[in-house]
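Peer 1: Sharing my_file-v9.json (JSON, C-alpha atoms) below.
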```json
[["chain", "number", "residue", "atom", "x", "y", "z"],
["A", 1, "MET", "CA", -141.04, -13.61, -28.27],
["A", 2, "ARG", "CA", -141.84, -10.97, -30.83],
["A", 3, "VAL", "CA", -140.08, -10.96, -34.21],
["A", 4, "LYS", "CA", -140.09, -8.34, -36.93],
["A", 5, "ILE", "CA", -140.42, -9.83, -40.42],
["A", 6, "LEU", "CA", -139.73, -7.92, -43.63],
["A", 7, "PHE", "CA", -140.90, -8.99, -47.10],
["A", 8, "PHE", "CA", -139.57, -7.93, -50.46],
["A", 9, "ALA", "CA", -140.56, -8.17, -54.15],
["A", 10, "THR", "CA", -143.10, -10.96, -54.88],
["A", 11, "LEU", "CA", -143.19, -11.93, -51.22],
["A", 12, "SER", "CA", -144.46, -8.53, -50.07],
["A", 13, "GLU", "CA", -147.12, -8.62, -52.80],
["A", 14, "TYR", "CA", -148.30, -12.07, -51.68],
["A", 15, "VAL", "CA", -148.39, -11.04, -48.01],
["A", 16, "GLY", "CA", -149.91, -7.65, -48.77],
["A", 17, "ALA", "CA", -147.45, -5.88, -46.45],
["A", 18, "LYS", "CA", -143.81, -4.86, -46.37],
["A", 19, "ALA", "CA", -143.43, -5.83, -42.72],
["A", 20, "VAL", "CA", -145.31, -7.71, -40.01],
["A", 21, "GLU", "CA", -144.68, -8.53, -36.36],
["A", 22, "LEU", "CA", -145.34, -12.01, -35.04],
["A", 23, "GLU", "CA", -145.29, -13.69, -31.65],
["A", 24, "VAL", "CA", -143.29, -16.94, -31.84],
["A", 25, "PRO", "CA", -142.06, -19.37, -29.17],
["A", 26, "ALA", "CA", -138.38, -19.29, -28.21],
["A", 27, "GLY", "CA", -136.43, -21.90, -30.18],
["A", 28, "THR", "CA", -138.33, -21.21, -33.41],
["A", 29, "THR", "CA", -136.17, -21.91, -36.46],
["A", 30, "VAL", "CA", -136.23, -20.17, -39.83],
["A", 31, "ALA", "CA", -137.95, -23.25, -41.35],
["A", 32, "MET", "CA", -140.63, -23.25, -38.63],
["A", 33, "LEU", "CA", -141.28, -19.55, -39.18],
["A", 34, "LYS", "CA", -141.57, -20.17, -42.92],
["A", 35, "GLU", "CA", -144.26, -22.82, -42.32],
["A", 36, "LEU", "CA", -146.09, -20.49, -39.97],
["A", 37, "LEU", "CA", -146.09, -17.77, -42.62],
["A", 38, "VAL", "CA", -147.35, -20.11, -45.35],
["A", 39, "GLU", "CA", -150.24, -21.05, -43.05],
["A", 40, "LYS", "CA", -151.00, -17.41, -42.31],
["A", 41, "TYR", "CA", -150.50, -16.16, -45.88],
["A", 42, "PRO", "CA", -151.35, -19.11, -48.20],
["A", 43, "LYS", "CA", -150.43, -17.10, -51.31],
["A", 44, "ILE", "CA", -146.72, -17.38, -50.50],
["A", 45, "ALA", "CA", -146.87, -21.19, -50.83],
["A", 46, "SER", "CA", -146.13, -20.88, -54.57],
["A", 47, "ALA", "CA", -142.91, -19.00, -53.78],
["A", 48, "GLN", "CA", -141.92, -21.18, -50.84],
["A", 49, "LYS", "CA", -139.30, -23.23, -52.67],
["A", 50, "SER", "CA", -137.11, -20.34, -53.77],
["A", 51, "MET", "CA", -137.90, -18.17, -50.73],
["A", 52, "MET", "CA", -134.71, -17.00, -49.05],
["A", 53, "ALA", "CA", -134.29, -15.86, -45.49],
["A", 54, "ALA", "CA", -132.01, -13.35, -43.81],
["A", 55, "VAL", "CA", -131.59, -13.07, -40.05],
["A", 56, "ASN", "CA", -130.14, -9.77, -38.88],
["A", 57, "ARG", "CA", -129.18, -8.95, -42.48],
["A", 58, "GLU", "CA", -127.21, -12.15, -43.10],
["A", 59, "TYR", "CA", -128.29, -15.11, -45.27],
["A", 60, "ALA", "CA", -129.65, -17.77, -42.90],
["A", 61, "ALA", "CA", -129.90, -21.56, -43.01],
["A", 62, "SER", "CA", -133.37, -23.03, -42.49],
["A", 63, "GLU", "CA", -132.24, -24.77, -39.28],
["A", 64, "GLN", "CA", -131.03, -21.51, -37.70],
["A", 65, "VAL", "CA", -132.77, -20.68, -34.44],
["A", 66, "ILE", "CA", -134.15, -17.14, -34.43],
["A", 67, "PRO", "CA", -132.40, -15.04, -31.79],
["A", 68, "LEU", "CA", -134.08, -12.50, -29.53],
["A", 69, "ASP", "CA", -135.03, -9.14, -31.11],
["A", 70, "ALA", "CA", -134.10, -10.43, -34.56],
["A", 71, "GLU", "CA", -134.86, -8.71, -37.83],
["A", 72, "ILE", "CA", -135.97, -11.42, -40.26],
["A", 73, "ALA", "CA", -136.43, -10.89, -43.99],
["A", 74, "PHE", "CA", -137.94, -13.17, -46.62],
["A", 75, "PHE", "CA", -137.42, -12.59, -50.32],
["A", 76, "PRO", "CA", -136.97, -14.28, -53.72],
["A", 77, "PRO", "CA", -133.50, -14.80, -55.27],
["A", 78, "VAL", "CA", -132.01, -11.36, -55.91],
["A", 79, "SER", "CA", -132.20, -9.68, -59.34],
["A", 80, "GLY", "CA", -130.38, -6.36, -59.02],
["A", 81, "GLY", "CA", -127.88, -4.80, -61.36],
["B", 82, "MET", "CA", -102.05, 13.45, -40.59],
["B", 83, "ARG", "CA", -100.45, 11.80, -43.62],
["B", 84, "LYS", "CA", -97.12, 13.49, -42.87],
["B", 85, "SER", "CA", -96.56, 11.12, -39.98],
["B", 86, "PRO", "CA", -94.54, 8.12, -41.16],
["B", 87, "PHE", "CA", -95.73, 6.17, -38.15],
["B", 88, "PHE", "CA", -99.34, 6.68, -39.11],
["B", 89, "LEU", "CA", -98.61, 5.63, -42.69],
["B", 90, "ARG", "CA", -97.04, 2.39, -41.46],
["B", 91, "PHE", "CA", -100.19, 1.78, -39.47],
["B", 92, "LEU", "CA", -102.32, 2.25, -42.59],
["B", 93, "VAL", "CA", -100.23, -0.22, -44.56],
["B", 94, "ALA", "CA", -100.42, -2.76, -41.76],
["B", 95, "GLU", "CA", -104.19, -2.41, -41.75],
["B", 96, "GLY", "CA", -104.33, -3.27, -45.44],
["B", 97, "ASN", "CA", -104.45, 0.10, -47.12],
["B", 98, "MET", "CA", -107.45, 1.43, -45.28],
["B", 99, "ASP", "CA", -106.93, 4.72, -47.06],
["B", 100, "TYR", "CA", -108.21, 3.34, -50.38],
["B", 101, "PRO", "CA", -111.67, 4.73, -51.02],
["B", 102, "THR", "CA", -114.61, 2.32, -51.03],
["B", 103, "ILE", "CA", -118.00, 3.78, -51.94],
["B", 104, "THR", "CA", -121.11, 1.65, -51.66],
["B", 105, "SER", "CA", -124.67, 2.87, -51.78],
["B", 106, "ILE", "CA", -128.27, 2.42, -52.78],
["B", 107, "THR", "CA", -129.72, 5.63, -54.17],
["B", 108, "GLU", "CA", -132.82, 7.01, -55.85],
["B", 109, "LYS", "CA", -130.78, 9.76, -57.47],
["B", 110, "GLU", "CA", -129.37, 9.82, -60.97],
["B", 111, "LEU", "CA", -125.96, 8.11, -61.15],
["B", 112, "ASP", "CA", -123.13, 10.58, -61.70],
["B", 113, "LEU", "CA", -120.30, 8.74, -63.44],
["B", 114, "ASN", "CA", -117.87, 11.69, -63.39],
["B", 115, "ALA", "CA", -118.35, 12.50, -59.71],
["B", 116, "LEU", "CA", -118.06, 8.86, -58.71],
["B", 117, "THR", "CA", -114.93, 8.30, -60.81],
["B", 118, "ALA", "CA", -113.31, 11.35, -59.20],
["B", 119, "GLN", "CA", -114.07, 9.93, -55.74],
["B", 120, "VAL", "CA", -112.16, 6.69, -56.45],
["B", 121, "THR", "CA", -109.25, 8.29, -58.32],
["B", 122, "LEU", "CA", -106.04, 8.67, -56.31],
["B", 123, "PRO", "CA", -102.76, 10.42, -57.18],
["B", 124, "SER", "CA", -101.37, 6.94, -57.93],
["B", 125, "THR", "CA", -104.30, 5.93, -60.17],
["B", 126, "GLY", "CA", -103.62, 5.35, -63.86],
["B", 127, "ALA", "CA", -106.60, 3.21, -64.84],
["B", 128, "ALA", "CA", -110.29, 3.18, -64.08],
["B", 129, "VAL", "CA", -112.61, 0.42, -65.31],
["B", 130, "MET", "CA", -116.32, 1.03, -65.07],
["B", 131, "PHE", "CA", -119.37, -1.07, -65.73],
["B", 132, "SER", "CA", -122.85, 0.37, -65.95],
["B", 133, "GLY", "CA", -126.06, -1.61, -66.29],
["B", 134, "ILE", "CA", -128.71, 0.09, -68.45],
["B", 135, "VAL", "CA", -132.46, -0.49, -68.69],
["B", 136, "ARG", "CA", -132.83, -2.34, -72.01],
["B", 137, "GLY", "CA", -135.99, -1.24, -73.83],
["B", 138, "ILE", "CA", -135.80, -3.86, -76.56],
["B", 139, "THR", "CA", -134.60, -7.39, -75.83],
["B", 140, "GLU", "CA", -133.69, -9.58, -78.81],
["B", 141, "ARG", "CA", -131.73, -12.37, -77.16],
["B", 142, "GLY", "CA", -133.77, -15.30, -75.81],
["B", 143, "ASN", "CA", -137.36, -14.37, -75.09],
["B", 144, "ALA", "CA", -137.65, -11.26, -77.32],
["B", 145, "HIS", "CA", -139.75, -8.54, -75.69],
["B", 146, "GLU", "CA", -140.13, -4.83, -75.01],
["B", 147, "THR", "CA", -139.72, -3.17, -71.62],
["B", 148, "SER", "CA", -141.65, -0.03, -70.62],
["B", 149, "PHE", "CA", -139.73, 0.47, -67.37],
["B", 150, "LEU", "CA", -138.18, -1.37, -64.43],
["B", 151, "GLU", "CA", -139.12, -0.83, -60.82],
["B", 152, "TYR", "CA", -136.19, -1.50, -58.45],
["B", 153, "GLU", "CA", -136.52, -2.29, -54.76],
["B", 154, "ALA", "CA", -133.77, -2.93, -52.19],
["B", 155, "TYR", "CA", -133.40, -4.22, -48.65],
["B", 156, "GLN", "CA", -131.23, -1.18, -48.10],
["B", 157, "PRO", "CA", -129.20, -1.89, -44.94],
["B", 158, "MET", "CA", -128.44, -5.47, -45.97],
["B", 159, "ALA", "CA", -127.79, -4.43, -49.58],
["B", 160, "GLU", "CA", -125.22, -1.84, -48.50],
["B", 161, "ALA", "CA", -123.57, -4.36, -46.15],
["B", 162, "LYS", "CA", -123.38, -6.92, -48.97],
["B", 163, "MET", "CA", -121.92, -4.29, -51.32],
["B", 164, "ARG", "CA", -119.17, -3.66, -48.76],
["B", 165, "GLN", "CA", -118.62, -7.43, -48.67],
["B", 166, "VAL", "CA", -118.30, -7.50, -52.49],
["B", 167, "ALA", "CA", -115.72, -4.69, -52.24],
["B", 168, "GLU", "CA", -113.77, -6.65, -49.61],
["B", 169, "GLU", "CA", -113.84, -9.75, -51.83],
["B", 170, "ILE", "CA", -112.48, -7.67, -54.72],
["B", 171, "ARG", "CA", -109.66, -6.36, -52.53],
["B", 172, "SER", "CA", -108.69, -9.83, -51.34],
["B", 173, "ARG", "CA", -108.60, -11.18, -54.93],
["B", 174, "TRP", "CA", -107.01, -8.14, -56.60],
["B", 175, "PRO", "CA", -104.87, -6.38, -53.97],
["B", 176, "SER", "CA", -103.65, -3.90, -56.58],
["B", 177, "VAL", "CA", -107.12, -2.38, -56.92],
["B", 178, "GLU", "CA", -107.13, 1.11, -55.42],
["B", 179, "GLY", "CA", -110.61, 2.66, -55.36],
["B", 180, "ILE", "CA", -113.92, 0.79, -55.56],
["B", 181, "ALA", "CA", -117.37, 2.25, -56.15],
["B", 182, "ILE", "CA", -120.52, 0.12, -56.18],
["B", 183, "VAL", "CA", -123.76, 2.08, -56.52],
["B", 184, "GLN", "CA", -127.22, 0.73, -57.32],
["B", 185, "ARG", "CA", -130.05, 3.07, -58.28],
["B", 186, "VAL", "CA", -133.58, 2.09, -57.19],
["B", 187, "GLY", "CA", -137.07, 3.29, -58.05],
["B", 188, "ARG", "CA", -138.72, 3.50, -61.47],
["B", 189, "LEU", "CA", -136.13, 3.50, -64.26],
["B", 190, "TYR", "CA", -136.90, 3.88, -67.95],
["B", 191, "PRO", "CA", -135.06, 2.41, -70.98],
["B", 192, "GLN", "CA", -131.60, 3.84, -71.69],
["B", 193, "THR", "CA", -131.15, 4.84, -68.03],
["B", 194, "PRO", "CA", -128.09, 3.62, -66.07],
["B", 195, "THR", "CA", -129.19, 1.43, -63.13],
["B", 196, "VAL", "CA", -125.91, 0.41, -61.53],
["B", 197, "LEU", "CA", -122.30, 1.61, -61.57],
["B", 198, "ILE", "CA", -119.22, -0.41, -60.67],
["B", 199, "ILE", "CA", -115.86, 1.37, -60.83],
["B", 200, "CYS", "CA", -112.48, -0.11, -59.94],
["B", 201, "THR", "CA", -109.29, 1.91, -60.19],
["B", 202, "ALA", "CA", -105.64, 0.81, -60.18],
["B", 203, "ALA", "CA", -102.20, 2.15, -61.01],
["B", 204, "HIS", "CA", -102.12, 0.35, -64.38],
["B", 205, "ARG", "CA", -104.58, -1.44, -66.66],
["B", 206, "ASP", "CA", -102.73, -4.79, -66.57],
["B", 207, "THR", "CA", -103.31, -5.33, -62.84],
["B", 208, "GLY", "CA", -106.51, -7.35, -63.07],
["B", 209, "VAL", "CA", -108.63, -4.22, -62.76],
["B", 210, "PHE", "CA", -110.89, -5.28, -65.68],
["B", 211, "ASP", "CA", -111.57, -8.62, -63.96],
["B", 212, "ALA", "CA", -112.14, -6.85, -60.66],
["B", 213, "ALA", "CA", -114.93, -4.68, -62.10],
["B", 214, "ARG", "CA", -116.45, -7.73, -63.84],
["B", 215, "TYR", "CA", -116.39, -9.63, -60.55],
["B", 216, "GLY", "CA", -118.07, -6.66, -58.86],
["B", 217, "ILE", "CA", -121.14, -6.71, -61.09],
["B", 218, "ASP", "CA", -121.35, -10.52, -61.22],
["B", 219, "ARG", "CA", -121.14, -10.79, -57.44],
["B", 220, "LEU", "CA", -123.64, -7.94, -56.90],
["B", 221, "LYS", "CA", -126.13, -9.91, -58.98],
["B", 222, "GLU", "CA", -125.57, -12.95, -56.72],
["B", 223, "ILE", "CA", -125.70, -11.63, -53.16],
["B", 224, "VAL", "CA", -126.90, -8.01, -52.97],
["B", 225, "PRO", "CA", -130.60, -7.98, -52.03],
["B", 226, "VAL", "CA", -132.09, -5.84, -54.79],
["B", 227, "TRP", "CA", -135.01, -6.85, -57.04],
["B", 228, "LYS", "CA", -136.55, -5.48, -60.20],
["B", 229, "LYS", "CA", -140.07, -5.65, -61.50],
["B", 230, "GLU", "CA", -140.28, -5.66, -65.28],
["B", 231, "VAL", "CA", -143.22, -3.70, -66.69],
["B", 232, "SER", "CA", -144.03, -4.17, -70.38],
["B", 233, "PRO", "CA", -147.04, -3.50, -72.64],
["B", 234, "GLU", "CA", -148.03, -7.15, -71.96],
["B", 235, "GLY", "CA", -148.01, -6.92, -68.17],
["B", 236, "GLU", "CA", -145.60, -7.01, -65.25],
["B", 237, "PHE", "CA", -143.57, -9.54, -63.28],
["B", 238, "TRP", "CA", -140.81, -9.61, -60.67],
["B", 239, "VAL", "CA", -137.53, -10.83, -62.12],
["B", 240, "GLU", "CA", -135.94, -13.60, -60.05],
["B", 241, "GLY", "CA", -132.24, -14.41, -60.00],
["B", 242, "GLU", "CA", -130.83, -17.92, -60.14],
["B", 243, "TYR", "CA", -128.14, -17.83, -57.51],
["B", 244, "ILE", "CA", -128.89, -19.16, -54.03],
["B", 245, "PRO", "CA", -126.36, -17.82, -51.49],
["B", 246, "LYS", "CA", -125.20, -20.12, -48.72],
["B", 247, "ALA", "CA", -125.88, -19.24, -45.08],
["B", 248, "GLY", "CA", -123.55, -16.42, -44.05],
["B", 249, "GLU", "CA", -122.33, -15.84, -47.62]]
```
Represent the supplied structure as structure tokens.

Peer 2:
Amino acid sequence: MRVKILFFATLSEYVGAKAVELEVPAGTTVAMLKELLVEKYPKIASAQKSMMAAVNREYAASEQVIPLDAEIAFFPPVSGG
Amino acid sequence: MRKSPFFLRFLVAEGNMDYPTITSITEKELDLNALTAQVTLPSTGAAVMFSGIVRGITERGNAHETSFLEYEAYQPMAEAKMRQVAEEIRSRWPSVEGIAIVQRVGRLYPQTPTVLIICTAAHRDTGVFDAARYGIDRLKEIVPVWKKEVSPEGEFWVEGEYIPKAGE
């Protein structure tokens, strides 16, 4: 299935894009997708530890299975205000 | 509409849905007066506001100068999380009347307001100071906004320390 992935702050600089689309097998978890991304974009390895994930605009656990037509986002800990 | 007592009962049962809640991410200059007016009701007697400002000269901790900050937001999630912060405020301080939470994004120079939190209530001794404080603290924990600090020495993305739990 196809997933839309958004990147913000340092993550989008490391990836070199604000958004990408990827084909992943059904049953893929957030953690599996993270590993896939590190393989594809090695620069994000340095940010991997603090990298947070949101699935459909809600903070997601690494074991969460990615649902169909999901909007995924990866970003560092927030620093607004 | 408000003349109907039945409708008013409905509003009360729904938890005072008529109290204004304003949440937004904007590139425009923050207008404190306009925003305060929007969260001021006939029953309001106190408004507490917090504004974050771009600090050009930092003396505490790692002393440094800032040329400007570049803010970025995951807008739809940020606005949803701001609404969540407002709901959390209402559940902790039910006497709070209006709530405004607005974050400005884009390139912001020293002495410019970056964020505005306003909570209003009938009186000042209702917890309204704490409510506004909670609003800014919680925004900095869960609202997906980031800032890049640009100084004469270079630039870096500021990272927060809080790690939200799944679904938080």

Peer 1: Need to verify the contact set: segment 16-26 of chain A, 8 Å, all atoms listed in the file, exclusion of same-chain residues closer than 3 positions in sequence. Can you return it as a ChimeraX atom specification?

Peer 2: /A:1-8,12-13,66

Peer 1: Compare A:Val38, A:Met51, A:Val65, A:Ser46 by their minimum atom-to-atom distance to chain B, counting all atoms listed in the file, and give me the closest one.

Peer 2: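 Among A:Val38, A:Met51, A:Val65, A:Ser46, it is A:Met51 that comes nearest to chain B.
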
Peer 1: Considering only C-alpha atoms, tabulate each residue of chain A that lies at most 6 Å from chain B along with its nearest interatomic pair and the corresponding distance in Å to one decimal; arrange the rows by chain and ascending residue number and present them as JSON lines.

Peer 2:
```
{"residue": "A:Arg57", "atom": "CA", "partner": "B:Met158", "partner_atom": "CA", "distance": 5.0}
{"residue": "A:Glu58", "atom": "CA", "partner": "B:Gly248", "partner_atom": "CA", "distance": 5.7}
{"residue": "A:Tyr59", "atom": "CA", "partner": "B:Ala247", "partner_atom": "CA", "distance": 4.8}
{"residue": "A:Ala60", "atom": "CA", "partner": "B:Ala247", "partner_atom": "CA", "distance": 4.6}
{"residue": "A:Ala61", "atom": "CA", "partner": "B:Ala247", "partner_atom": "CA", "distance": 5.1}
{"residue": "A:Pro77", "atom": "CA", "partner": "B:Gly241", "partner_atom": "CA", "distance": 4.9}
{"residue": "A:Val78", "atom": "CA", "partner": "B:Gly241", "partner_atom": "CA", "distance": 5.1}
{"residue": "A:Ser79", "atom": "CA", "partner": "B:Trp227", "partner_atom": "CA", "distance": 4.6}
{"residue": "A:Gly80", "atom": "CA", "partner": "B:Val226", "partner_atom": "CA", "distance": 4.6}
{"residue": "A:Gly81", "atom": "CA", "partner": "B:Val196", "partner_atom": "CA", "distance": 5.6}
```

Peer 1: List the spatial neighbours of Ile199 of chain B as a PyMOL selection string - criterion: any atom at most 10 Å away, all atoms listed in the file, same-chain residues fewer than 6 positions off excluded.

Peer 2: chain B and resi 102-103+113+116-117+120-121+128-132+179-183+209-210+212-214+216-217

Peer 1: Could the residues in this selection be saved with C-alpha atoms as a tab-separated table (two decimals), keeping the file's coordinate frame?

Peer 2:
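Just written: selection-v7.tsv:
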```tsv
chain	number	residue	atom	x	y	z
B	102	THR	CA	-114.61	2.32	-51.03
B	103	ILE	CA	-118.00	3.78	-51.94
B	113	LEU	CA	-120.30	8.74	-63.44
B	116	LEU	CA	-118.06	8.86	-58.71
B	117	THR	CA	-114.93	8.30	-60.81
B	120	VAL	CA	-112.16	6.69	-56.45
B	121	THR	CA	-109.25	8.29	-58.32
B	128	ALA	CA	-110.29	3.18	-64.08
B	129	VAL	CA	-112.61	0.42	-65.31
B	130	MET	CA	-116.32	1.03	-65.07
B	131	PHE	CA	-119.37	-1.07	-65.73
B	132	SER	CA	-122.85	0.37	-65.95
B	179	GLY	CA	-110.61	2.66	-55.36
B	180	ILE	CA	-113.92	0.79	-55.56
B	181	ALA	CA	-117.37	2.25	-56.15
B	182	ILE	CA	-120.52	0.12	-56.18
B	183	VAL	CA	-123.76	2.08	-56.52
B	209	VAL	CA	-108.63	-4.22	-62.76
B	210	PHE	CA	-110.89	-5.28	-65.68
B	212	ALA	CA	-112.14	-6.85	-60.66
B	213	ALA	CA	-114.93	-4.68	-62.10
B	214	ARG	CA	-116.45	-7.73	-63.84
B	216	GLY	CA	-118.07	-6.66	-58.86
B	217	ILE	CA	-121.14	-6.71	-61.09
```

Peer 1: Rounded to one decimal place, report the atom CA of Ser176 of chain B-atom CA of Glu160 of chain B distance in Å.

Peer 2: 23.1 Å

Peer 1: Quick one: residues within 7 Å of Ala31 of chain A, only C-alpha atoms, excluding same-chain residues fewer than 4 positions away - as a list in words?

Peer 2: Glu35, Ser62 and Glu63 of chain A
